[in-house]
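Note: the block below is coords.txt and it holds compact mmCIF, C-alpha atoms.
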# COMPACT_ATOMS: atom_id res chain seq x y z
CA MET H 497 0.00 0.00 0.00
CA SER H 498 1.34 3.39 -0.96
CA PRO H 499 1.47 6.21 1.60
CA GLY H 500 -0.96 8.18 -0.60
CA THR H 501 -3.50 5.35 -0.55
CA GLY H 502 -3.08 5.01 3.19
CA ALA H 503 -3.57 8.73 3.73
CA ALA H 504 -6.73 8.64 1.60
CA LEU H 505 -8.10 5.71 3.63
CA ARG H 506 -7.33 7.49 6.90
CA LEU H 507 -9.10 10.62 5.63
CA LEU H 508 -12.13 8.66 4.38
CA ALA H 509 -12.47 6.82 7.71
CA ALA H 510 -12.31 10.14 9.54
CA ALA H 511 -14.78 11.83 7.18
CA ALA H 512 -17.22 8.96 7.70
CA ASP H 513 -16.71 9.22 11.49
CA ALA H 514 -16.23 5.47 11.20
CA LYS H 515 -16.94 3.35 14.24
CA ALA H 516 -17.21 0.01 12.40
CA VAL H 517 -14.97 -0.83 9.43
CA ALA H 518 -14.66 -4.12 7.56
CA GLU H 519 -11.41 -4.86 5.77
CA ILE H 520 -11.16 -7.60 3.16
CA GLY H 521 -7.51 -8.67 2.96
CA THR H 522 -5.58 -8.10 6.19
CA GLY H 523 -2.19 -8.34 4.53
CA THR H 524 0.58 -7.23 6.88
CA GLY H 525 -1.65 -4.72 8.66
CA VAL H 526 -0.53 -1.54 6.89
CA SER H 527 -3.98 -0.60 5.57
CA GLY H 528 -5.54 -1.53 8.90
CA ILE H 529 -3.25 0.87 10.74
CA TYR H 530 -4.22 3.71 8.40
CA LEU H 531 -7.91 2.87 8.85
CA LEU H 532 -7.61 2.68 12.64
CA HIS H 533 -5.88 6.09 12.72
CA GLY H 534 -8.85 7.61 10.87
CA MET H 535 -11.57 5.85 12.85
CA ARG H 536 -13.22 7.04 16.04
CA PRO H 537 -11.25 6.16 19.21
CA ASP H 538 -13.93 3.61 20.14
CA GLY H 539 -14.08 2.16 16.62
CA VAL H 540 -13.48 -1.49 15.77
CA LEU H 541 -11.83 -2.81 12.62
CA THR H 542 -13.04 -6.24 11.48
CA THR H 543 -10.40 -7.70 9.20
CA VAL H 544 -10.81 -10.83 7.09
CA ASP H 545 -8.03 -12.84 5.46
CA PRO H 546 -7.69 -16.46 4.35
CA GLU H 547 -4.17 -16.70 5.82
CA PRO H 548 -4.04 -16.70 9.64
CA GLU H 549 -0.25 -16.12 9.54
CA ARG H 550 -0.81 -12.71 7.97
CA GLN H 551 -3.34 -11.88 10.65
CA GLN H 552 -0.84 -12.75 13.37
CA PHE H 553 1.67 -10.39 11.77
CA ALA H 554 -0.98 -7.66 11.51
CA ARG H 555 -2.03 -8.20 15.14
CA ALA H 556 1.58 -7.55 16.21
CA ALA H 557 1.77 -4.49 13.92
CA PHE H 558 -1.41 -3.03 15.44
CA ARG H 559 -0.07 -3.59 18.95
CA GLU H 560 3.27 -2.00 18.00
CA ALA H 561 1.38 0.99 16.56
CA GLY H 562 -0.25 1.47 19.97
CA PHE H 563 -3.75 0.15 19.33
CA ALA H 564 -5.53 -1.75 22.10
CA THR H 565 -6.37 -5.37 21.27
CA ASN H 566 -10.11 -4.63 21.42
CA ARG H 567 -9.81 -2.22 18.45
CA ALA H 568 -9.48 -5.05 15.91
CA ARG H 569 -11.36 -8.27 15.30
CA PHE H 570 -9.52 -10.83 13.16
CA ILE H 571 -11.58 -13.37 11.24
CA PRO H 572 -9.67 -16.00 9.26
CA GLY H 573 -11.34 -17.26 6.10
CA ARG H 574 -12.30 -16.46 2.53
CA ALA H 575 -14.18 -13.18 2.20
CA LEU H 576 -17.20 -14.76 0.53
CA ASP H 577 -17.48 -17.30 3.36
CA VAL H 578 -17.12 -14.70 6.14
CA LEU H 579 -18.98 -11.63 4.84
CA PRO H 580 -22.44 -13.26 4.83
CA ARG H 581 -22.07 -13.76 8.60
CA LEU H 582 -21.50 -10.03 9.27
CA ALA H 583 -24.36 -7.69 10.24
CA ASP H 584 -26.50 -6.02 7.58
CA GLY H 585 -26.03 -2.24 7.65
CA GLY H 586 -23.55 -2.53 10.50
CA TYR H 587 -20.52 -0.89 8.87
CA ASP H 588 -19.51 2.66 8.04
CA LEU H 589 -16.75 1.69 5.61
CA VAL H 590 -15.74 -1.49 3.79
CA PHE H 591 -12.20 -1.62 2.39
CA CYS H 592 -11.51 -4.32 -0.19
CA ASP H 593 -8.02 -5.51 -1.04
CA GLY H 594 -8.67 -9.20 -1.55
CA ASP H 595 -9.05 -11.64 -4.43
CA ARG H 596 -9.74 -9.57 -7.57
CA LEU H 597 -11.69 -12.45 -9.14
CA GLU H 598 -14.27 -12.12 -6.35
CA SER H 599 -14.62 -8.33 -6.61
CA LEU H 600 -18.21 -8.23 -7.95
CA ASP H 601 -19.44 -10.66 -5.29
CA VAL H 602 -17.54 -8.74 -2.61
CA LEU H 603 -19.17 -5.52 -3.87
CA ALA H 604 -22.63 -7.07 -3.44
CA GLU H 605 -21.80 -8.21 0.10
CA SER H 606 -20.28 -4.82 0.90
CA LEU H 607 -23.46 -3.02 -0.10
CA ARG H 608 -25.42 -5.24 2.27
CA LEU H 609 -22.96 -4.51 5.09
CA LEU H 610 -22.94 -0.73 4.65
CA ARG H 611 -25.23 1.70 6.40
CA PRO H 612 -26.78 4.35 4.13
CA GLY H 613 -24.06 6.95 3.56
CA GLY H 614 -21.34 4.37 4.15
CA LEU H 615 -18.30 3.98 1.90
CA VAL H 616 -16.90 1.06 -0.03
CA CYS H 617 -13.33 1.27 -1.37
CA PHE H 618 -11.40 -1.08 -3.65
CA GLU H 619 -7.60 -0.84 -3.80
CA GLY H 620 -5.49 -1.60 -6.88
CA VAL H 621 -8.10 -1.01 -9.56
CA PHE H 622 -5.58 0.37 -12.05
CA ALA H 623 -3.83 -3.05 -12.04
CA ASP H 624 -0.56 -1.37 -13.05
CA GLY H 625 -2.31 0.28 -15.99
CA ARG H 626 -3.79 -2.94 -17.34
CA THR H 627 -7.45 -1.97 -16.79
CA VAL H 628 -7.16 0.57 -19.61
CA ASP H 629 -4.75 -1.42 -21.79
CA SER H 630 -6.50 -2.74 -24.91
CA ALA H 631 -4.22 -5.80 -25.11
CA ALA H 632 -5.53 -9.18 -23.97
CA GLN H 633 -5.65 -9.28 -20.17
CA PRO H 634 -5.89 -11.96 -17.48
CA ALA H 635 -9.21 -12.77 -15.78
CA GLU H 636 -8.47 -10.64 -12.72
CA VAL H 637 -8.09 -7.50 -14.87
CA LEU H 638 -11.32 -8.30 -16.72
CA ARG H 639 -13.07 -8.64 -13.35
CA LEU H 640 -11.71 -5.23 -12.29
CA ARG H 641 -13.15 -3.74 -15.47
CA ASP H 642 -16.50 -5.35 -14.61
CA LEU H 643 -16.26 -3.90 -11.09
CA LEU H 644 -15.51 -0.40 -12.39
CA ARG H 645 -18.44 -0.61 -14.80
CA ALA H 646 -20.84 -1.96 -12.15
CA VAL H 647 -19.96 0.79 -9.67
CA ARG H 648 -20.16 3.51 -12.32
CA GLU H 649 -23.58 2.31 -13.52
CA SER H 650 -25.06 1.66 -10.07
CA GLN H 651 -27.99 3.86 -9.05
CA GLU H 652 -27.25 2.95 -5.43
CA LEU H 653 -23.72 4.39 -5.45
CA MET H 654 -22.00 7.72 -5.98
CA SER H 655 -18.41 6.95 -6.93
CA THR H 656 -15.03 8.35 -7.81
CA LEU H 657 -11.69 6.89 -8.75
CA LEU H 658 -8.81 8.37 -6.75
CA PRO H 659 -5.45 8.33 -8.54
CA VAL H 660 -3.43 7.29 -5.48
CA GLY H 661 -1.23 4.22 -5.35
CA ASP H 662 -2.51 1.72 -7.90
CA GLY H 663 -5.97 3.31 -7.96
CA LEU H 664 -8.55 3.58 -5.18
CA LEU H 665 -12.17 3.16 -6.26
CA CYS H 666 -14.46 4.76 -3.67
CA ALA H 667 -18.24 4.85 -3.58
CA VAL H 668 -20.85 6.14 -1.15
CA ARG H 669 -23.99 4.08 -0.66
CA ARG H 670 -26.91 6.44 -1.19
CA GLY H 671 -29.61 6.59 1.48
Representation of the structure as structure tokens:
Amino acid sequence: MSPGTGAALRLLAAAADAKAVAEIGTGTGVSGIYLLHGMRPDGVLTTVDPEPERQQFARAAFREAGFATNRARFIPGRALDVLPRLADGGYDLVFCDGDRLESLDVLAESLRLLRPGGLVCFEGVFADGRTVDSAAQPAEVLRLRDLLRAVRESQELMSTLLPVGDGLLCAVRRG
């Protein structure tokens, strides 16, 4: 994650006055730290990742960054197995940095999770410039194109594409 993407996430979490954030793709905890810095002091980050080892690393990174253990909830598993178990309308922001092939399904689950006025953000949507390259592309890039089109055409979302890092697609769920 680039510092610019992290700063944008921190700002978006703060602007949303986020108390509950879901993160798809824990990684090493970098994005989670940015999100936690932007969230309310009593906010909780729920982070989902299929690899428990990554979550252990992120847990240590959060602790080292000074966050209390009750500020993050770690759920191991595939996003599409875990997200259906999370509360409808219970989240202020959903940040997606997981399997690109699942992006449309993750979008649908994210919309269910978000409160009206909540934000959904997808990281890496430029795919190193491949989403606009007319050459033949792998399935994950084609799925990102489908995601961009679906968000742009949605009547339920107001969206923008921020040119930070490798592209941050952000959308607000309309009331």
Kindly indicate which residue among H:Val578, H:Gly523, H:Gly528, H:Ala561 lies nearest to Pro548 of chain H, using all atoms listed in the file for the distances. H:Gly523
Ala635 of chain H environment, 9 Å, all atoms listed in the file, sequence neighbours closer than 3 positions dropped, as a PyMOL selection string: chain H and resi 596-597+638-640
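A straight line drawn from atom CA of Asp642 of chain H to atom CA of Thr627 of chain H is 9.9 Å long.
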Between H:Gly502, H:Gly663, H:Gly585, H:Gly614, which is the closest to Arg626 of chain H once you count all atoms listed in the file? H:Gly663
Could you check the closest approach to His533 of chain H for each of H:Glu649, H:Asp588, H:Asp513, H:Asp545 and tell me which residue wins, using all atoms listed in the file? H:Asp513
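Of note, atom CA of Pro612 of chain H and atom CA of Gly500 of chain H are spaced 26.5 Å apart.
Comparing H:Val637, H:Ala557, H:Val517, H:Ala510 by their smallest distance to Leu610 of chain H, the closest is H:Val517 (using all atoms listed in the file).
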Box for segment 646-660 of chain H - axis-aligned, 4 Å on each of the six sides, all listed atoms - centre and size in Å to one decimal, as lines of an AutoDock Vina configuration file.
center_x = -15.7
center_y = 3.2
center_z = -9.5
size_x = 32.6
size_y = 18.3
size_z = 16.1
Taken to one decimal, the atom CA of Ile529 of chain H-atom CA of Leu644 of chain H distance is 26.2 Å
For the contact check between segment 645-668 of chain H and segment 617-620 of chain H, emit one row per residue of segment 645-668 of chain H within 9 Å, containing the shortest atom pair and the distance in Å rounded to one decimal, counting all atoms listed in the file, chain then rising number order, as JSON lines.
{"residue": "H:Gly661", "atom": "CA", "partner": "H:Gly620", "partner_atom": "CA", "distance": 7.4}
{"residue": "H:Asp662", "atom": "CA", "partner": "H:Gly620", "partner_atom": "CA", "distance": 4.6}
{"residue": "H:Gly663", "atom": "CA", "partner": "H:Gly620", "partner_atom": "CA", "distance": 5.1}
{"residue": "H:Leu664", "atom": "CA", "partner": "H:Glu619", "partner_atom": "CA", "distance": 4.7}
{"residue": "H:Leu665", "atom": "CA", "partner": "H:Phe618", "partner_atom": "CA", "distance": 5.0}
{"residue": "H:Cys666", "atom": "CA", "partner": "H:Cys617", "partner_atom": "CA", "distance": 4.3}
{"residue": "H:Ala667", "atom": "CA", "partner": "H:Cys617", "partner_atom": "CA", "distance": 6.5}
{"residue": "H:Val668", "atom": "CA", "partner": "H:Cys617", "partner_atom": "CA", "distance": 9.0}
All residues 9 Å or closer to Pro580 of chain H, only C-alpha atoms, same chain fewer than 3 positions away omitted, as a PDB file with C-alpha atoms, in the coordinates of the input:
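Output file out_35.pdb follows:
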ATOM      1  CA  ALA H 575     -14.180 -13.180   2.200  1.00  0.00           C
ATOM      2  CA  LEU H 576     -17.200 -14.760   0.530  1.00  0.00           C
ATOM      3  CA  ASP H 577     -17.480 -17.300   3.360  1.00  0.00           C
ATOM      4  CA  ALA H 583     -24.360  -7.690  10.240  1.00  0.00           C
ATOM      5  CA  ASP H 584     -26.500  -6.020   7.580  1.00  0.00           C
ATOM      6  CA  GLU H 605     -21.800  -8.210   0.100  1.00  0.00           C
ATOM      7  CA  ARG H 608     -25.420  -5.240   2.270  1.00  0.00           C
ATOM      8  CA  LEU H 609     -22.960  -4.510   5.090  1.00  0.00           C
TER       9      LEU H 609
END
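Among the candidates H:Gly671, H:Gly539, H:Pro499, H:Pro546, the one nearest to Asp595 of chain H when counting only C-alpha atoms is H:Pro546.
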